Amino acid sequence: MEFSRIKSVWLSALSIFIVLFFSAVLLGEEKKPLAQLIKDMESPDEAIRKTAADEIIVQGDKAKKEAVTKITKRKDELVMEYTKTRRKALDDSLKARNKKDKDKKKDPKWLENKRKAAMSLYAVRNFEEMKKLVIEIEEAFYPAPLIENEEDTKKLSGVAGKIGIVDDSLAKLGCEAKPDTKTLVKLLDTEIDAEFQWKVMPAKDMTVMEQNKKLKSELNIEEYRMVEMLNKYRVAMGRKAVVINPKLCKAARGHSKDMSDYDFFDHVSPIPGKRTHMQRAALEKTSCSAENIAQALDAAGAFWGWFSSKSGHHEEMFTAEQIGIGFYKGCWTAMF
């Protein structure tokens with residue numbers, strides 16, 4: 001009787017051990033290596049990405065950190081691929097248009113005559129009519145950033161879709177993409193298209209544009225866009241591109257912030273030591289001769305506001321050799 005009881009207990013224990021052993025083996029077989037899980041995170045199937053993300057999280061913080069690093073690197077590669085693809089597509093489309101229109105030559109004096117007409121309006125401060133001419137001049141001077149090849153459009157859409165998948169994968173691991181995919185692609189298009197149009201600029205102006213681009217990280221999106229708009233206007237009108245002065249940008253941004261924080265809108269600041277634009281520039285160890293201010297939600301609003309002004313704002317933009325631009329909560333300051 002005692003032997004039977006011991007035998008029964010032993011057999012039960014053995015059964016439990018066997019079940020646990022084979023369960024562990026089966027679980028071990030089902031567990032995917034981290035490299036495979038990271039690869040699964042690029043799958044177009046959302047369910048596969050979700051499962052992979054859950055398994056990575058279960059493996060712990062080290063696995064998650066490695067996955068985020070590698071997926072982020074993959075995103076950078078896709079952004080570079082998108083950039084190269086769009087640049088080539090724009091160049092190919094322009095070559096095709098030029099070949100098609102090779103016999104359609106414009107009057108070589110057309111641009112010169114339009115510029116003279118615009119400057120005549122500038123002289124009498126008729127900026128409303130001048131704006132119409134400037135838009136016409138810019139449209140003729142700069143090549144339109146058009147992609148006419150359907151295959152190129154499909155390629156770009158495909159790469160953008162992959163960026164979206166990667167962003168979704170990062171979000172599943174708790175790393176929300178900023179900006180979101182749609183905004184990122186729009187920003188890329190804007191930047192690539194702007195640089196595409198630089199190609200028609202004189203060499204010296206292209207050099208200035210490249211120098212300004214190196215300072216892009218020191219400006220916010222709207223500030224940099226303002227400088228691009230200004231230089232696009234100046235070069236189309238036969239003027240030199242203006243260079244960014246980072247120190248003046250700090251001074252200008254500081255004044256915009258002060259106007260917002262202290263609720264005033266004036267060239268004269270109520271803050272001691274920062275009353276004039278010259279004092280504000282000196283605090284940043286630089287100098288300036290003039291200043292524009294504006295209230296606008298974006299670069300286009302401020303630019304065209306200054307363009308249309310009859311109080312000297314247009315002249316400052318048109319004749320400056322350097323610029324410091326600052327935007328803060330709807331307040332703009334440009335220092336020259």
# chains A, B, ... in the order shown; residues from 1 in each chain; ligands from 1
>>> residues_around(residues="A:Glu151", least_positions_apart="6", cutoff="12 Å", atoms="only C-alpha atoms", output="PDB file with N, CA and C atoms, in the first residue's frame")
ATOM      1  N   THR A  85      15.852  60.038 -54.444  1.00  0.00           N
ATOM      2  CA  THR A  85      14.870  59.688 -55.476  1.00  0.00           C
ATOM      3  C   THR A  85      14.152  60.922 -55.986  1.00  0.00           C
ATOM      4  N   ARG A  86      13.744  61.800 -55.069  1.00  0.00           N
ATOM      5  CA  ARG A  86      13.029  63.014 -55.492  1.00  0.00           C
ATOM      6  C   ARG A  86      13.949  63.961 -56.266  1.00  0.00           C
ATOM      7  N   ALA A  89      14.371  62.574 -59.716  1.00  0.00           N
ATOM      8  CA  ALA A  89      13.119  62.682 -60.469  1.00  0.00           C
ATOM      9  C   ALA A  89      12.903  64.111 -60.958  1.00  0.00           C
ATOM     10  N   ASP A  92      15.402  64.772 -63.831  1.00  0.00           N
ATOM     11  CA  ASP A  92      14.997  64.072 -65.056  1.00  0.00           C
ATOM     12  C   ASP A  92      13.810  64.765 -65.723  1.00  0.00           C
ATOM     13  N   SER A  93      12.853  65.215 -64.907  1.00  0.00           N
ATOM     14  CA  SER A  93      11.681  65.896 -65.454  1.00  0.00           C
ATOM     15  C   SER A  93      12.076  67.227 -66.109  1.00  0.00           C
ATOM     16  N   SER A 157       6.159  57.341 -53.629  1.00  0.00           N
ATOM     17  CA  SER A 157       5.034  56.905 -52.797  1.00  0.00           C
ATOM     18  C   SER A 157       5.405  55.650 -52.017  1.00  0.00           C
ATOM     19  N   GLY A 158       6.124  54.740 -52.680  1.00  0.00           N
ATOM     20  CA  GLY A 158       6.549  53.501 -52.019  1.00  0.00           C
ATOM     21  C   GLY A 158       7.502  53.750 -50.870  1.00  0.00           C
TER      22      GLY A 158
END
>>> residues_around(residues="stretch 166-181 of chain A", least_positions_apart="2", cutoff="8 Å", atoms="only C-alpha atoms", output="PyMOL selection string")
chain A and resi 41-42+49-50+53+57+64+68+71-72+74-75+160+162-164+183-185
>>> write_last_selection(atoms="all heavy atoms", output="CSV table (one decimal), in the first residue's frame")
chain,number,residue,atom,x,y,z
A,41,MET,N,9.4,44.1,-37.9
A,41,MET,CA,8.8,45.4,-37.7
A,41,MET,C,8.7,46.3,-39.0
A,41,MET,O,8.1,47.3,-39.0
A,41,MET,CB,9.7,46.2,-36.7
A,41,MET,CG,9.7,45.6,-35.3
A,41,MET,SD,8.1,45.7,-34.5
A,41,MET,CE,8.1,47.3,-33.8
A,42,GLU,N,9.3,45.8,-40.1
A,42,GLU,CA,9.2,46.5,-41.4
A,42,GLU,C,8.1,45.8,-42.2
A,42,GLU,O,8.0,46.2,-43.4
A,42,GLU,CB,10.5,46.5,-42.1
A,42,GLU,CG,11.6,47.4,-41.5
A,42,GLU,CD,12.8,47.6,-42.4
A,42,GLU,OE1,12.6,47.9,-43.6
A,42,GLU,OE2,13.9,47.3,-41.9
A,49,ARG,N,3.7,43.4,-37.3
A,49,ARG,CA,4.4,44.4,-36.5
A,49,ARG,C,4.0,44.4,-35.1
A,49,ARG,O,4.9,44.6,-34.2
A,49,ARG,CB,4.3,45.8,-37.2
A,49,ARG,CG,4.8,45.9,-38.6
A,49,ARG,CD,5.0,47.3,-39.0
A,49,ARG,NE,3.8,48.1,-39.0
A,49,ARG,CZ,2.9,48.2,-39.9
A,49,ARG,NH1,3.0,47.5,-41.0
A,49,ARG,NH2,1.8,49.0,-39.8
A,50,LYS,N,2.8,44.3,-34.8
A,50,LYS,CA,2.2,44.4,-33.4
A,50,LYS,C,2.8,43.2,-32.6
A,50,LYS,O,3.2,43.4,-31.5
A,50,LYS,CB,0.7,44.3,-33.5
A,50,LYS,CG,0.0,44.3,-32.1
A,50,LYS,CD,0.3,45.6,-31.3
A,50,LYS,CE,-0.6,45.7,-30.1
A,50,LYS,NZ,-0.3,44.7,-29.1
A,53,ALA,N,6.5,43.7,-31.9
A,53,ALA,CA,6.7,44.7,-30.9
A,53,ALA,C,6.5,44.2,-29.5
A,53,ALA,O,7.2,44.4,-28.6
A,53,ALA,CB,5.8,45.9,-31.2
A,57,ILE,N,9.2,43.9,-26.5
A,57,ILE,CA,9.0,44.5,-25.1
A,57,ILE,C,9.1,43.4,-24.0
A,57,ILE,O,9.7,43.7,-23.0
A,57,ILE,CB,7.6,45.1,-25.1
A,57,ILE,CG1,7.6,46.4,-26.0
A,57,ILE,CG2,7.2,45.5,-23.7
A,57,ILE,CD1,6.3,47.0,-26.3
A,64,LYS,N,14.6,46.2,-26.4
A,64,LYS,CA,13.8,47.4,-26.9
A,64,LYS,C,14.7,48.5,-27.4
A,64,LYS,O,14.5,49.1,-28.5
A,64,LYS,CB,12.9,47.9,-25.8
A,64,LYS,CG,12.0,49.0,-26.3
A,64,LYS,CD,11.1,49.5,-25.1
A,64,LYS,CE,10.5,50.8,-25.5
A,64,LYS,NZ,9.6,51.3,-24.3
A,68,VAL,N,14.9,49.9,-31.2
A,68,VAL,CA,14.6,51.3,-31.5
A,68,VAL,C,15.8,51.9,-32.2
A,68,VAL,O,15.6,52.7,-33.2
A,68,VAL,CB,14.3,52.1,-30.2
A,68,VAL,CG1,14.3,53.6,-30.5
A,68,VAL,CG2,13.0,51.7,-29.6
A,71,ILE,N,15.9,50.5,-35.8
A,71,ILE,CA,14.7,50.9,-36.6
A,71,ILE,C,14.9,52.4,-37.0
A,71,ILE,O,14.5,52.8,-38.1
A,71,ILE,CB,13.4,50.7,-35.9
A,71,ILE,CG1,13.2,49.1,-35.8
A,71,ILE,CG2,12.2,51.3,-36.6
A,71,ILE,CD1,12.0,48.8,-34.8
A,72,THR,N,15.4,53.2,-36.0
A,72,THR,CA,15.6,54.6,-36.3
A,72,THR,C,16.7,54.8,-37.4
A,72,THR,O,16.6,55.7,-38.3
A,72,THR,CB,16.1,55.3,-35.0
A,72,THR,OG1,15.1,55.2,-34.0
A,72,THR,CG2,16.4,56.8,-35.3
A,74,ARG,N,17.2,52.7,-39.8
A,74,ARG,CA,16.6,52.3,-41.0
A,74,ARG,C,15.7,53.5,-41.5
A,74,ARG,O,15.7,53.7,-42.7
A,74,ARG,CB,15.7,51.1,-40.8
A,74,ARG,CG,14.8,50.7,-42.0
A,74,ARG,CD,15.7,50.3,-43.2
A,74,ARG,NE,14.9,49.9,-44.3
A,74,ARG,CZ,15.3,50.1,-45.6
A,74,ARG,NH1,16.4,50.7,-45.9
A,74,ARG,NH2,14.5,49.7,-46.6
A,75,LYS,N,15.1,54.2,-40.6
A,75,LYS,CA,14.3,55.4,-41.0
A,75,LYS,C,15.2,56.4,-41.7
A,75,LYS,O,14.8,57.0,-42.7
A,75,LYS,CB,13.6,56.0,-39.8
A,75,LYS,CG,12.8,57.2,-40.2
A,75,LYS,CD,12.0,57.8,-39.0
A,75,LYS,CE,11.2,59.1,-39.4
A,75,LYS,NZ,10.5,59.6,-38.3
A,160,ALA,N,7.8,56.6,-49.2
A,160,ALA,CA,7.1,57.3,-48.2
A,160,ALA,C,6.3,56.3,-47.3
A,160,ALA,O,6.1,56.5,-46.1
A,160,ALA,CB,6.2,58.4,-48.8
A,162,LYS,N,7.1,53.2,-46.7
A,162,LYS,CA,8.0,52.5,-45.9
A,162,LYS,C,8.4,53.3,-44.6
A,162,LYS,O,8.5,52.8,-43.5
A,162,LYS,CB,9.2,52.1,-46.6
A,162,LYS,CG,9.0,51.0,-47.7
A,162,LYS,CD,10.3,50.7,-48.4
A,162,LYS,CE,10.1,49.6,-49.5
A,162,LYS,NZ,11.3,49.3,-50.2
A,163,ILE,N,8.5,54.6,-44.9
A,163,ILE,CA,8.8,55.5,-43.7
A,163,ILE,C,7.6,55.5,-42.8
A,163,ILE,O,7.8,55.5,-41.5
A,163,ILE,CB,9.0,57.0,-44.2
A,163,ILE,CG1,10.3,57.1,-45.1
A,163,ILE,CG2,9.1,58.0,-43.0
A,163,ILE,CD1,10.5,58.4,-45.7
A,164,GLY,N,6.4,55.5,-43.3
A,164,GLY,CA,5.2,55.4,-42.4
A,164,GLY,C,5.2,54.1,-41.6
A,164,GLY,O,4.8,54.1,-40.4
A,183,THR,N,3.7,65.0,-42.2
A,183,THR,CA,4.4,66.2,-42.1
A,183,THR,C,5.8,66.2,-42.5
A,183,THR,O,6.4,67.1,-43.2
A,183,THR,CB,4.3,66.7,-40.6
A,183,THR,OG1,2.9,66.8,-40.2
A,183,THR,CG2,5.0,68.1,-40.5
A,184,LEU,N,6.5,65.1,-42.1
A,184,LEU,CA,7.9,64.9,-42.5
A,184,LEU,C,8.1,64.9,-44.0
A,184,LEU,O,9.0,65.5,-44.6
A,184,LEU,CB,8.4,63.6,-41.9
A,184,LEU,CG,9.9,63.1,-42.4
A,184,LEU,CD1,10.9,64.2,-41.9
A,184,LEU,CD2,10.2,61.8,-41.8
A,185,VAL,N,7.3,64.1,-44.7
A,185,VAL,CA,7.4,64.0,-46.2
A,185,VAL,C,7.1,65.4,-46.8
A,185,VAL,O,7.8,65.8,-47.8
A,185,VAL,CB,6.4,63.0,-46.7
A,185,VAL,CG1,6.3,63.0,-48.3
A,185,VAL,CG2,6.8,61.6,-46.3
>>> residues_around(residues="A:Met206", least_positions_apart="4", cutoff="12 Å", atoms="only C-alpha atoms", output="list of chain:residue names")
A:Ala194, A:Glu195, A:Phe196, A:Gln197, A:Trp198, A:Lys199, A:Val200, A:Met201, A:Pro202, A:Glu210, A:Gln211, A:Asn212, A:Lys213, A:Glu228, A:Asn231, A:Lys232, A:Val235, A:Lys240, A:Ala241, A:Val242, A:Val243
>>> residues_around(residues="stretch 286-302 of chain A", least_positions_apart="2", cutoff="7 Å", atoms="only C-alpha atoms", output="list in words")
Glu222, Glu223, Arg225, Met226, Lys247, Leu248, His277, Met278, Ala281, Ala282, Glu284, Trp304, Gly305, Trp306, His313, Gly330, Cys331, Trp332, Thr333, Ala334, Met335 and Phe336 of chain A
>>> select_by_dssp(residues="stretch 17-162 of chain A", states="alpha helix (DSSP H)", output="PyMOL selection string")
chain A and resi 17-30+34-40+46-58+61-100+110-123+127-141+150-162
>>> closest_residue(among="A:Glu128, A:Glu321, A:Glu112, A:Asp258", to="A:Ala236", atoms="only C-alpha atoms")
A:Glu112
>>> closest_residue(among="A:Met259, A:Ala123, A:Leu187, A:Ile271", to="A:Gly326", atoms="only C-alpha atoms")
A:Met259
>>> closest_residue(among="A:Ala144, A:Leu121, A:Val134, A:Leu156", to="A:Arg234", atoms="only C-alpha atoms")
A:Val134
>>> select_by_dssp(residues="stretch 220-326 of chain A", states="strand (DSSP E or B)", output="PDB file with C-alpha atoms, in the first residue's frame")
ATOM      1  CA  VAL A 243      23.753  85.826 -45.648  1.00  0.00           C
ATOM      2  CA  ILE A 244      22.443  84.678 -42.264  1.00  0.00           C
ATOM      3  CA  GLU A 291      15.128  96.386 -38.038  1.00  0.00           C
ATOM      4  CA  ASN A 292      11.742  95.182 -39.292  1.00  0.00           C
ATOM      5  CA  ILE A 293       8.996  93.837 -37.060  1.00  0.00           C
ATOM      6  CA  ALA A 294       5.724  92.158 -37.942  1.00  0.00           C
ATOM      7  CA  GLN A 295       2.865  90.107 -36.553  1.00  0.00           C
ATOM      8  CA  GLN A 322      23.113  90.295 -43.847  1.00  0.00           C
ATOM      9  CA  ILE A 323      20.049  89.197 -41.908  1.00  0.00           C
ATOM     10  CA  GLY A 324      19.109  87.997 -38.469  1.00  0.00           C
ATOM     11  CA  ILE A 325      15.581  86.631 -38.310  1.00  0.00           C
ATOM     12  CA  GLY A 326      13.547  85.762 -35.228  1.00  0.00           C
TER      13      GLY A 326
END
>>> closest_residue(among="A:Lys31, A:Lys88, A:Lys39, A:Arg253", to="A:Asn149", atoms="only C-alpha atoms")
A:Lys88
